[in-house]
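Next comes structure.tsv, with TSV, C-alpha atoms.
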chain	number	residue	atom	x	y	z
E	248	MET	CA	0.00	0.00	0.00
E	249	SER	CA	1.31	3.47	-0.88
E	250	GLU	CA	-0.12	6.79	0.21
E	251	ARG	CA	0.74	10.42	0.85
E	252	VAL	CA	-0.17	12.78	3.69
E	253	ASP	CA	0.83	16.31	4.68
E	254	ALA	CA	2.82	15.29	7.76
E	255	ILE	CA	4.21	12.20	9.47
E	256	VAL	CA	5.27	12.08	13.11
E	257	ILE	CA	7.42	9.08	13.98
E	258	GLY	CA	6.86	8.09	17.60
E	259	ALA	CA	3.77	8.25	19.81
E	260	GLY	CA	5.46	9.20	23.05
E	261	VAL	CA	4.55	12.40	24.86
E	262	VAL	CA	6.68	14.60	22.58
E	263	GLY	CA	5.52	12.94	19.36
E	264	LEU	CA	1.90	13.28	20.40
E	265	ALA	CA	2.40	16.94	21.31
E	266	VAL	CA	3.99	17.61	17.90
E	267	ALA	CA	1.22	15.73	16.09
E	268	ARG	CA	-1.38	17.76	17.97
E	269	SER	CA	0.23	21.04	16.92
E	270	LEU	CA	0.51	19.94	13.30
E	271	ALA	CA	-3.09	18.74	13.20
E	272	GLN	CA	-4.34	21.96	14.80
E	273	SER	CA	-2.50	23.91	12.09
E	274	GLY	CA	-4.65	22.18	9.46
E	275	LYS	CA	-2.21	19.47	8.35
E	276	GLU	CA	-3.28	15.92	7.53
E	277	VAL	CA	-1.18	13.97	10.06
E	278	ILE	CA	-0.35	10.33	10.65
E	279	ILE	CA	1.50	9.21	13.76
E	280	ILE	CA	3.60	6.09	13.21
E	281	GLU	CA	4.41	4.06	16.32
E	282	ALA	CA	6.42	0.83	16.45
E	283	ASN	CA	4.83	-0.37	19.71
E	284	LYS	CA	1.34	-1.71	20.35
E	285	ALA	CA	0.25	1.36	22.35
E	286	ILE	CA	1.19	4.99	22.86
E	287	GLY	CA	3.93	6.05	25.27
E	288	MET	CA	5.49	2.66	25.94
E	289	GLY	CA	9.08	3.96	25.99
E	290	THR	CA	10.64	6.74	28.02
E	291	SER	CA	7.29	8.56	28.31
E	292	SER	CA	5.81	5.92	30.61
E	293	ARG	CA	9.02	5.10	32.49
E	294	ASN	CA	9.98	8.25	34.36
E	295	SER	CA	9.29	10.15	37.58
E	296	GLU	CA	6.22	11.99	36.17
E	297	VAL	CA	7.64	15.23	37.57
E	298	ILE	CA	6.78	18.68	36.25
E	299	HIS	CA	10.18	20.36	36.51
E	300	ALA	CA	10.64	24.04	37.24
E	301	GLY	CA	13.63	24.60	34.91
E	302	ILE	CA	16.27	24.94	37.59
E	303	TYR	CA	19.34	22.95	36.61
E	304	TYR	CA	20.05	23.59	32.97
E	305	PRO	CA	22.68	25.90	31.43
E	306	LYS	CA	21.56	29.46	30.74
E	307	ASP	CA	20.06	29.96	27.26
E	308	SER	CA	19.98	26.20	26.60
E	309	LEU	CA	16.94	24.63	24.99
E	310	LYS	CA	16.43	22.56	28.12
E	311	ALA	CA	16.23	25.72	30.24
E	312	LYS	CA	14.09	27.72	27.81
E	313	LEU	CA	11.66	24.95	26.89
E	314	CYS	CA	11.30	23.62	30.43
E	315	VAL	CA	10.36	27.03	31.83
E	316	GLN	CA	7.93	27.64	28.96
E	317	GLY	CA	6.66	24.08	28.94
E	318	LYS	CA	5.95	24.03	32.67
E	319	GLU	CA	3.43	26.87	32.37
E	320	MET	CA	1.95	25.38	29.21
E	321	LEU	CA	1.61	21.97	30.86
E	322	TYR	CA	-0.12	23.29	33.98
E	323	GLY	CA	-2.50	25.24	31.73
E	324	PHE	CA	-3.17	22.20	29.56
E	325	CYS	CA	-3.88	20.02	32.60
E	326	ASP	CA	-6.29	22.62	33.94
E	327	SER	CA	-8.18	22.97	30.65
E	328	HIS	CA	-8.26	19.24	29.86
E	329	GLY	CA	-8.90	17.80	33.32
E	330	VAL	CA	-5.54	15.98	33.43
E	331	PRO	CA	-4.63	15.09	37.04
E	332	CYS	CA	-1.63	17.01	38.35
E	333	LYS	CA	-0.45	18.37	41.71
E	334	LYS	CA	1.87	21.29	42.43
E	335	LEU	CA	3.48	19.63	45.46
E	336	GLY	CA	6.71	21.61	45.55
E	337	LYS	CA	10.23	20.22	45.82
E	338	LEU	CA	13.05	20.50	48.33
E	339	ILE	CA	16.59	20.34	46.93
E	340	VAL	CA	18.76	19.41	49.88
E	341	ALA	CA	22.39	19.80	50.89
E	342	THR	CA	23.09	16.89	53.21
E	343	SER	CA	26.56	18.02	54.31
E	344	PRO	CA	28.28	21.40	54.77
E	345	ASP	CA	30.51	20.83	51.74
E	346	GLN	CA	27.38	20.79	49.51
E	347	LEU	CA	26.20	24.28	50.52
E	348	ASP	CA	28.16	26.04	47.77
E	349	ALA	CA	26.70	23.65	45.20
E	350	LEU	CA	23.21	24.38	46.52
E	351	LYS	CA	23.82	28.12	46.24
E	352	ALA	CA	25.01	27.58	42.68
E	353	VAL	CA	21.70	25.83	41.89
E	354	GLN	CA	19.83	28.93	43.08
E	355	VAL	CA	21.98	31.19	40.90
E	356	LYS	CA	21.49	28.98	37.84
E	357	ALA	CA	17.74	28.89	38.41
E	358	ALA	CA	17.58	32.70	38.49
E	359	GLU	CA	19.57	32.86	35.23
E	360	ASN	CA	16.88	30.67	33.69
E	361	GLY	CA	14.06	32.89	34.89
E	362	VAL	CA	13.08	30.66	37.82
E	363	ASN	CA	12.87	33.25	40.58
E	364	ASP	CA	10.54	31.55	43.03
E	365	LEU	CA	13.11	29.40	44.85
E	366	VAL	CA	13.25	29.93	48.61
E	367	TRP	CA	16.38	29.25	50.69
E	368	LEU	CA	15.55	27.30	53.83
E	369	SER	CA	17.80	26.84	56.81
E	370	LYS	CA	18.12	23.43	58.42
E	371	GLU	CA	15.47	24.41	60.97
E	372	GLU	CA	13.10	25.86	58.36
E	373	ALA	CA	13.40	22.75	56.22
E	374	ARG	CA	12.78	20.49	59.23
E	375	SER	CA	9.70	22.51	60.17
E	376	ARG	CA	8.23	21.60	56.78
E	377	GLU	CA	9.54	18.04	56.70
E	378	PRO	CA	10.32	16.70	60.19
E	379	ASN	CA	11.84	13.47	58.80
E	380	LEU	CA	14.37	15.33	56.65
E	381	SER	CA	18.09	15.48	57.44
E	382	CYS	CA	19.93	18.36	55.75
E	383	GLU	CA	22.16	21.37	56.29
E	384	ALA	CA	19.94	23.61	54.12
E	385	ALA	CA	17.41	23.29	51.33
E	386	LEU	CA	15.92	25.15	48.39
E	387	LEU	CA	12.15	25.09	48.07
E	388	SER	CA	10.84	25.02	44.49
E	389	PRO	CA	7.11	25.73	44.85
E	390	SER	CA	6.31	25.35	41.12
E	391	THR	CA	7.57	21.74	40.86
E	392	GLY	CA	4.79	19.18	40.64
E	393	ILE	CA	3.67	15.80	39.33
E	394	VAL	CA	1.36	14.80	36.49
E	395	ASP	CA	-0.52	11.70	35.39
E	396	THR	CA	1.57	11.12	32.26
E	397	HIS	CA	-0.75	8.59	30.68
E	398	ALA	CA	-3.78	10.85	31.10
E	399	PHE	CA	-1.73	13.68	29.57
E	400	MET	CA	-0.81	11.56	26.54
E	401	LEU	CA	-4.41	10.44	26.05
E	402	ALA	CA	-5.51	14.07	26.10
E	403	LEU	CA	-2.86	14.99	23.51
E	404	GLN	CA	-3.96	12.08	21.34
E	405	GLY	CA	-7.58	13.12	21.72
E	406	ASP	CA	-6.85	16.69	20.60
E	407	ALA	CA	-4.84	15.46	17.61
E	408	GLU	CA	-7.49	12.96	16.51
E	409	GLU	CA	-10.23	15.55	16.94
E	410	GLN	CA	-8.42	17.52	14.21
E	411	GLY	CA	-8.17	14.46	11.97
E	412	ALA	CA	-4.81	12.96	12.94
E	413	MET	CA	-4.48	9.20	12.54
E	414	LEU	CA	-2.47	6.77	14.69
E	415	ALA	CA	-0.81	3.67	13.23
E	416	LEU	CA	0.38	1.28	15.97
E	417	ASN	CA	2.63	-1.78	15.48
E	418	SER	CA	4.19	0.11	12.56
E	419	PRO	CA	7.99	0.30	12.75
E	420	VAL	CA	9.79	2.49	10.23
E	421	LEU	CA	12.18	0.22	8.32
E	422	SER	CA	13.89	2.80	6.10
E	423	GLY	CA	13.35	6.07	4.34
E	424	LYS	CA	14.52	8.28	1.52
E	425	ILE	CA	14.92	12.03	1.19
E	426	GLU	CA	13.56	13.09	-2.19
E	427	GLU	CA	12.86	16.39	-3.96
E	428	SER	CA	9.14	15.73	-3.62
E	429	GLY	CA	9.37	15.07	0.14
E	430	ILE	CA	10.31	12.16	2.35
E	431	THR	CA	9.23	8.59	1.75
E	432	LEU	CA	9.18	5.97	4.50
E	433	GLU	CA	8.93	2.20	4.32
E	434	VAL	CA	6.83	0.98	7.20
E	435	GLY	CA	6.53	-2.62	8.39
E	436	GLY	CA	4.33	-4.30	10.96
E	437	ASP	CA	0.67	-5.28	10.73
E	438	MET	CA	-0.03	-3.20	7.62
E	439	PRO	CA	3.20	-2.65	5.65
E	440	MET	CA	3.08	0.50	3.58
E	441	THR	CA	5.05	3.10	1.71
E	442	ILE	CA	4.10	6.57	2.87
E	443	SER	CA	5.32	10.00	1.79
E	444	ALA	CA	4.93	13.49	3.22
E	445	ASP	CA	6.23	17.02	2.88
E	446	ILE	CA	6.75	17.15	6.66
E	447	VAL	CA	8.37	14.41	8.74
E	448	VAL	CA	9.23	14.78	12.43
E	449	ASN	CA	11.48	12.12	13.91
E	450	ALA	CA	10.30	11.84	17.52
E	451	ALA	CA	11.31	8.21	17.95
E	452	GLY	CA	12.86	8.74	21.38
E	453	LEU	CA	15.40	6.06	22.20
E	454	TYR	CA	15.63	5.10	18.55
E	455	ALA	CA	15.54	8.53	16.88
E	456	ILE	CA	19.24	8.37	16.07
E	457	GLU	CA	19.06	4.80	14.79
E	458	LEU	CA	16.12	5.79	12.60
E	459	ALA	CA	17.95	8.82	11.17
E	460	ARG	CA	20.77	6.50	10.11
E	461	THR	CA	18.34	4.57	7.87
E	462	LEU	CA	17.35	7.64	5.82
E	463	ASP	CA	18.90	7.57	2.37
E	464	GLY	CA	20.02	11.06	1.40
E	465	PHE	CA	20.55	12.36	4.94
E	466	ASP	CA	24.07	13.52	5.85
E	467	GLN	CA	25.29	10.93	8.36
E	468	LYS	CA	27.87	13.38	9.75
E	469	LEU	CA	25.00	15.37	11.27
E	470	ILE	CA	23.83	12.43	13.40
E	471	PRO	CA	25.27	12.34	16.94
E	472	ASP	CA	26.38	9.16	18.68
E	473	ASP	CA	23.74	7.61	20.90
E	474	TYR	CA	24.09	6.27	24.43
E	475	PHE	CA	21.59	4.63	26.73
E	476	CYS	CA	21.34	5.24	30.47
E	477	LYS	CA	19.01	3.04	32.49
E	478	GLY	CA	17.43	4.44	35.61
E	479	ASN	CA	16.01	2.05	38.19
E	480	TYR	CA	13.26	2.92	40.65
E	481	PHE	CA	12.38	1.44	44.03
E	482	SER	CA	9.08	1.93	45.82
E	483	LEU	CA	8.51	2.31	49.54
E	484	GLY	CA	6.53	-0.36	51.34
E	485	THR	CA	5.38	2.03	54.07
E	486	LYS	CA	3.64	5.41	54.25
E	487	ALA	CA	5.45	8.23	52.47
E	488	PRO	CA	7.63	10.15	54.96
E	489	PHE	CA	7.46	13.46	53.06
E	490	SER	CA	4.79	15.68	51.52
E	491	HIS	CA	7.22	17.40	49.13
E	492	LEU	CA	9.43	15.86	46.49
E	493	ILE	CA	12.97	15.51	47.86
E	494	TYR	CA	16.02	15.91	45.60
E	495	PRO	CA	19.68	15.79	46.53
E	496	VAL	CA	22.13	18.26	45.00
E	497	PRO	CA	22.33	17.14	41.33
E	498	GLU	CA	24.91	14.73	39.95
E	499	LYS	CA	26.62	14.74	36.53
E	500	ALA	CA	24.50	12.06	34.81
E	501	GLY	CA	21.20	12.88	36.47
E	502	LEU	CA	19.47	14.44	39.43
E	503	GLY	CA	20.45	11.79	41.95
E	504	VAL	CA	18.30	9.26	43.77
E	505	HIS	CA	15.34	11.46	44.63
E	506	LEU	CA	12.01	10.85	46.28
E	507	THR	CA	8.88	11.51	44.27
E	508	LEU	CA	5.24	10.85	44.97
E	509	ASP	CA	2.70	9.43	42.55
E	510	MET	CA	-0.84	10.75	42.21
E	511	GLY	CA	-1.96	8.37	44.93
E	512	GLY	CA	0.67	9.57	47.42
E	513	GLN	CA	2.90	6.50	47.14
E	514	ALA	CA	6.62	7.25	47.55
E	515	ARG	CA	9.18	6.01	45.06
E	516	PHE	CA	12.90	6.57	44.76
E	517	GLY	CA	15.12	6.89	41.71
E	518	PRO	CA	16.46	6.90	39.20
E	519	ASP	CA	20.01	5.68	39.64
E	520	VAL	CA	22.53	5.64	36.80
E	521	GLU	CA	23.23	2.39	34.92
E	522	TRP	CA	24.86	2.82	31.51
E	523	LEU	CA	23.91	0.19	28.93
E	524	ASP	CA	26.08	-1.15	26.13
E	525	ASP	CA	23.38	-0.36	23.55
E	526	GLY	CA	19.65	0.11	23.13
E	527	LYS	CA	18.87	-3.32	21.74
E	528	ASP	CA	16.76	-5.81	23.69
E	529	ILE	CA	16.55	-3.59	26.78
E	530	ASP	CA	15.87	-5.50	29.98
E	531	TYR	CA	13.62	-3.27	32.08
E	532	ALA	CA	13.72	-5.60	35.09
E	533	VAL	CA	15.14	-4.02	38.25
E	534	ASP	CA	17.88	-5.95	40.02
E	535	PRO	CA	16.95	-5.97	43.75
E	536	LYS	CA	20.67	-5.91	44.59
E	537	ARG	CA	20.82	-2.31	43.37
E	538	GLY	CA	18.79	-1.46	46.45
E	539	GLU	CA	22.03	-1.43	48.44
E	540	ILE	CA	23.08	1.74	46.58
E	541	PHE	CA	19.63	3.24	47.12
E	542	TYR	CA	19.68	2.72	50.88
E	543	GLU	CA	23.01	4.50	51.13
E	544	ALA	CA	21.90	7.45	48.97
E	545	ILE	CA	18.47	7.89	50.58
E	546	ARG	CA	19.76	7.73	54.16
E	547	ARG	CA	21.80	10.86	53.51
E	548	TYR	CA	18.53	12.83	53.63
E	549	TRP	CA	16.27	10.28	55.39
E	550	PRO	CA	18.32	8.39	57.98
E	551	ALA	CA	15.22	6.65	59.39
E	552	LEU	CA	14.81	4.42	56.32
E	553	LYS	CA	14.68	0.84	57.60
E	554	ASP	CA	16.24	-2.21	55.99
E	555	GLY	CA	13.72	-4.09	53.87
E	556	ASP	CA	11.42	-1.11	53.24
E	557	LEU	CA	12.46	-0.65	49.60
E	558	HIS	CA	11.07	-2.84	46.84
E	559	ALA	CA	12.32	-3.11	43.26
E	560	ASP	CA	9.70	-1.38	41.12
E	561	TYR	CA	10.30	-0.26	37.52
E	562	SER	CA	12.94	1.25	35.27
E	563	GLY	CA	13.31	3.55	32.29
E	564	VAL	CA	16.06	4.36	29.81
E	565	ARG	CA	17.24	7.87	28.96
E	566	PRO	CA	18.33	8.60	25.37
E	567	LYS	CA	21.71	10.31	25.81
E	568	ILE	CA	23.86	12.03	23.21
E	569	GLN	CA	26.87	12.24	25.52
E	570	ALA	CA	29.12	9.40	26.66
E	571	PRO	CA	29.48	8.31	30.29
E	572	GLY	CA	31.54	10.86	32.19
E	573	GLU	CA	30.89	13.70	29.74
E	574	GLU	CA	28.93	16.83	30.57
E	575	ALA	CA	25.22	16.60	29.81
E	576	ARG	CA	24.28	17.87	26.34
E	577	ASP	CA	21.31	19.98	25.37
E	578	PHE	CA	18.24	18.83	23.47
E	579	MET	CA	19.09	18.61	19.76
E	580	ILE	CA	16.16	19.87	17.70
E	581	GLN	CA	17.63	19.58	14.23
E	582	GLY	CA	15.56	21.37	11.62
E	583	PRO	CA	15.86	22.61	8.01
E	584	GLN	CA	18.23	25.42	8.99
E	585	ASP	CA	20.64	22.76	10.31
E	586	HIS	CA	20.53	20.19	7.49
E	587	GLY	CA	18.91	21.99	4.56
E	588	ILE	CA	16.00	19.56	4.10
E	589	LEU	CA	12.65	21.34	4.02
E	590	GLY	CA	9.97	19.88	6.26
E	591	PHE	CA	12.24	17.57	8.24
E	592	VAL	CA	13.02	17.74	11.97
E	593	ASN	CA	15.03	15.33	14.10
E	594	LEU	CA	14.54	15.27	17.86
E	595	PHE	CA	17.71	13.83	19.43
E	596	GLY	CA	18.55	13.39	23.11
E	597	ILE	CA	15.07	14.24	24.36
E	598	GLU	CA	15.41	13.09	27.95
E	599	SER	CA	14.44	14.95	31.13
E	600	PRO	CA	12.91	17.54	31.14
E	601	GLY	CA	11.26	16.26	27.96
E	602	LEU	CA	7.91	15.54	29.62
E	603	THR	CA	7.68	19.02	31.15
E	604	SER	CA	8.93	20.62	27.92
E	605	SER	CA	6.76	18.59	25.51
E	606	LEU	CA	4.27	21.30	24.56
E	607	ALA	CA	7.07	23.86	24.20
E	608	ILE	CA	9.11	21.40	22.12
E	609	ALA	CA	6.11	21.04	19.81
E	610	GLN	CA	5.93	24.82	19.51
E	611	GLU	CA	9.66	24.96	18.72
E	612	VAL	CA	9.26	22.30	16.04
E	613	MET	CA	6.44	24.26	14.43
E	614	GLU	CA	8.56	27.42	14.42
E	615	GLN	CA	11.45	25.60	12.78
E	616	LEU	CA	9.17	24.14	10.13
E	617	GLU	CA	7.69	27.56	9.38
E	618	ALA	CA	11.00	29.46	9.35
E	619	LYS	CA	12.18	30.69	5.96

Transcribe the structure of this file into structure tokens.
Amino acid sequence: MSERVDAIVIGAGVVGLAVARSLAQSGKEVIIIEANKAIGMGTSSRNSEVIHAGIYYPKDSLKAKLCVQGKEMLYGFCDSHGVPCKKLGKLIVATSPDQLDALKAVQVKAAENGVNDLVWLSKEEARSREPNLSCEAALLSPSTGIVDTHAFMLALQGDAEEQGAMLALNSPVLSGKIEESGITLEVGGDMPMTISADIVVNAAGLYAIELARTLDGFDQKLIPDDYFCKGNYFSLGTKAPFSHLIYPVPEKAGLGVHLTLDMGGQARFGPDVEWLDDGKDIDYAVDPKRGEIFYEAIRRYWPALKDGDLHADYSGVRPKIQAPGEEARDFMIQGPQDHGILGFVNLFGIESPGLTSSLAIAQEVMEQLEAK
């Protein structure tokens, strides 16, 4: 079967769905192509479900800009669409005196990004809010929250389909070709097809880079190397000890083993950092032995954690475009001005804060597609 549409979005994760929604609302005939049997089965459904404030990222980076914008857009979307979310607030904690300078640096970086609502709390002030917390000082981020990610994705899908977008599940992209008349993709799965479009957005998440490598006519030198970082989560078998989210001072590969709460108030801890050799045949099982590292990390800010209270829960994998030990890299939103191909956008390295930034990423994609 061969057909043509105005726009193709590859990947039905939260970012792909947000992009498809924006394209459909602009009047484009859109098809969303997803390799899995349901939406959001990759990184989108395997994360902390946190609405980030935009604190940690380098000034003027896409992560900083789109997180700050996306946070407000996401809260507004949840309000208008009835998507469950809670603005619980977060405490970023220094657990030893030698971390105080790093905590102050976080506050400075947040202000550079336009996040001016952080509140410095002394040890006593932090303990008055969270009696179970052990720290030397903390930063309160009142605009940090949590969201029901699946409900959010269903709402995005609903908006897109209301404007005529179509979703093709179990439809992996096998290869593609850049042509003068647009981009043609060979799609396998339940209903193999050849499909062409003037606009193609590669939002394939973990496999966006692998997919770009299959496109005949695309300059391979423009494709970054890909790396895969697994994050494991453990849940708490007892009542949550905190009412805020609790984050340690951030680490190089992530934000440390933090405590988040789900919409039901259940506490969970993670993610840790486990680099994988590649992204093939990912084993999402959580090794209970990794709990030993969790106990040590968590007891720095919650010493009362008892042996046996943590239970292996779930894991996710972050699509990285930097190698282990390297500084974190920014989102790579690679549009026509970068590669010269009209109507084509690659989304590489869309990890945290991708969920928070999703609506702003979609807006950025639209601007790149419309730019002359």

Please return as a PDB file with C-alpha atoms, in the frame of the given file every residue within 12 Å of (-5.2, 14.0, 20.1), taking into account all atoms listed in the file and the file's own coordinates.
ATOM      1  CA  ALA E 259       3.770   8.250  19.810  1.00  0.00           C
ATOM      2  CA  VAL E 261       4.550  12.400  24.860  1.00  0.00           C
ATOM      3  CA  GLY E 263       5.520  12.940  19.360  1.00  0.00           C
ATOM      4  CA  LEU E 264       1.900  13.280  20.400  1.00  0.00           C
ATOM      5  CA  ALA E 265       2.400  16.940  21.310  1.00  0.00           C
ATOM      6  CA  VAL E 266       3.990  17.610  17.900  1.00  0.00           C
ATOM      7  CA  ALA E 267       1.220  15.730  16.090  1.00  0.00           C
ATOM      8  CA  ARG E 268      -1.380  17.760  17.970  1.00  0.00           C
ATOM      9  CA  SER E 269       0.230  21.040  16.920  1.00  0.00           C
ATOM     10  CA  LEU E 270       0.510  19.940  13.300  1.00  0.00           C
ATOM     11  CA  ALA E 271      -3.090  18.740  13.200  1.00  0.00           C
ATOM     12  CA  GLN E 272      -4.340  21.960  14.800  1.00  0.00           C
ATOM     13  CA  VAL E 277      -1.180  13.970  10.060  1.00  0.00           C
ATOM     14  CA  ILE E 278      -0.350  10.330  10.650  1.00  0.00           C
ATOM     15  CA  ILE E 279       1.500   9.210  13.760  1.00  0.00           C
ATOM     16  CA  ILE E 286       1.190   4.990  22.860  1.00  0.00           C
ATOM     17  CA  HIS E 328      -8.260  19.240  29.860  1.00  0.00           C
ATOM     18  CA  ALA E 398      -3.780  10.850  31.100  1.00  0.00           C
ATOM     19  CA  PHE E 399      -1.730  13.680  29.570  1.00  0.00           C
ATOM     20  CA  MET E 400      -0.810  11.560  26.540  1.00  0.00           C
ATOM     21  CA  LEU E 401      -4.410  10.440  26.050  1.00  0.00           C
ATOM     22  CA  ALA E 402      -5.510  14.070  26.100  1.00  0.00           C
ATOM     23  CA  LEU E 403      -2.860  14.990  23.510  1.00  0.00           C
ATOM     24  CA  GLN E 404      -3.960  12.080  21.340  1.00  0.00           C
ATOM     25  CA  GLY E 405      -7.580  13.120  21.720  1.00  0.00           C
ATOM     26  CA  ASP E 406      -6.850  16.690  20.600  1.00  0.00           C
ATOM     27  CA  ALA E 407      -4.840  15.460  17.610  1.00  0.00           C
ATOM     28  CA  GLU E 408      -7.490  12.960  16.510  1.00  0.00           C
ATOM     29  CA  GLU E 409     -10.230  15.550  16.940  1.00  0.00           C
ATOM     30  CA  GLN E 410      -8.420  17.520  14.210  1.00  0.00           C
ATOM     31  CA  GLY E 411      -8.170  14.460  11.970  1.00  0.00           C
ATOM     32  CA  ALA E 412      -4.810  12.960  12.940  1.00  0.00           C
ATOM     33  CA  MET E 413      -4.480   9.200  12.540  1.00  0.00           C
ATOM     34  CA  LEU E 414      -2.470   6.770  14.690  1.00  0.00           C
TER      35      LEU E 414
END

Distance query Asp577 of chain E at most 7 Å, only C-alpha atoms, self and fewer than 4 positions along chain excluded, as a list of chain:residue names: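 With the cut-off at 7 Å, the set is E:Ser308, E:Leu309, E:Lys310.
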
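The interatomic distance for the pair atom CA of Ser605 of chain E and atom CA of Gly317 of chain E works out to 6.5 Å.
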
Nearest-residue call for Gln581 of chain E, choices E:Val353, E:Val330, E:Ile608, E:Ala487, using only C-alpha atoms: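 Nearest to Gln581 of chain E: E:Ile608.
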
Gap from atom CA of Pro550 of chain E to atom CA of Lys337 of chain E - Å, one decimal: 18.8 Å

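For the residues E:Ser249, E:Ser443, E:Ser418, E:Gln354, ranking by smallest atom-to-atom distance to Ile430 of chain E using only C-alpha atoms places E:Ser443 first.
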
Radius query 12 Å about (10.7, 9.8, 37.4), atoms used: only C-alpha atoms, as number ranges by chain: E: 290-299, 392-396, 477-482, 492, 494, 501-509, 514-519, 560-565, 598-603
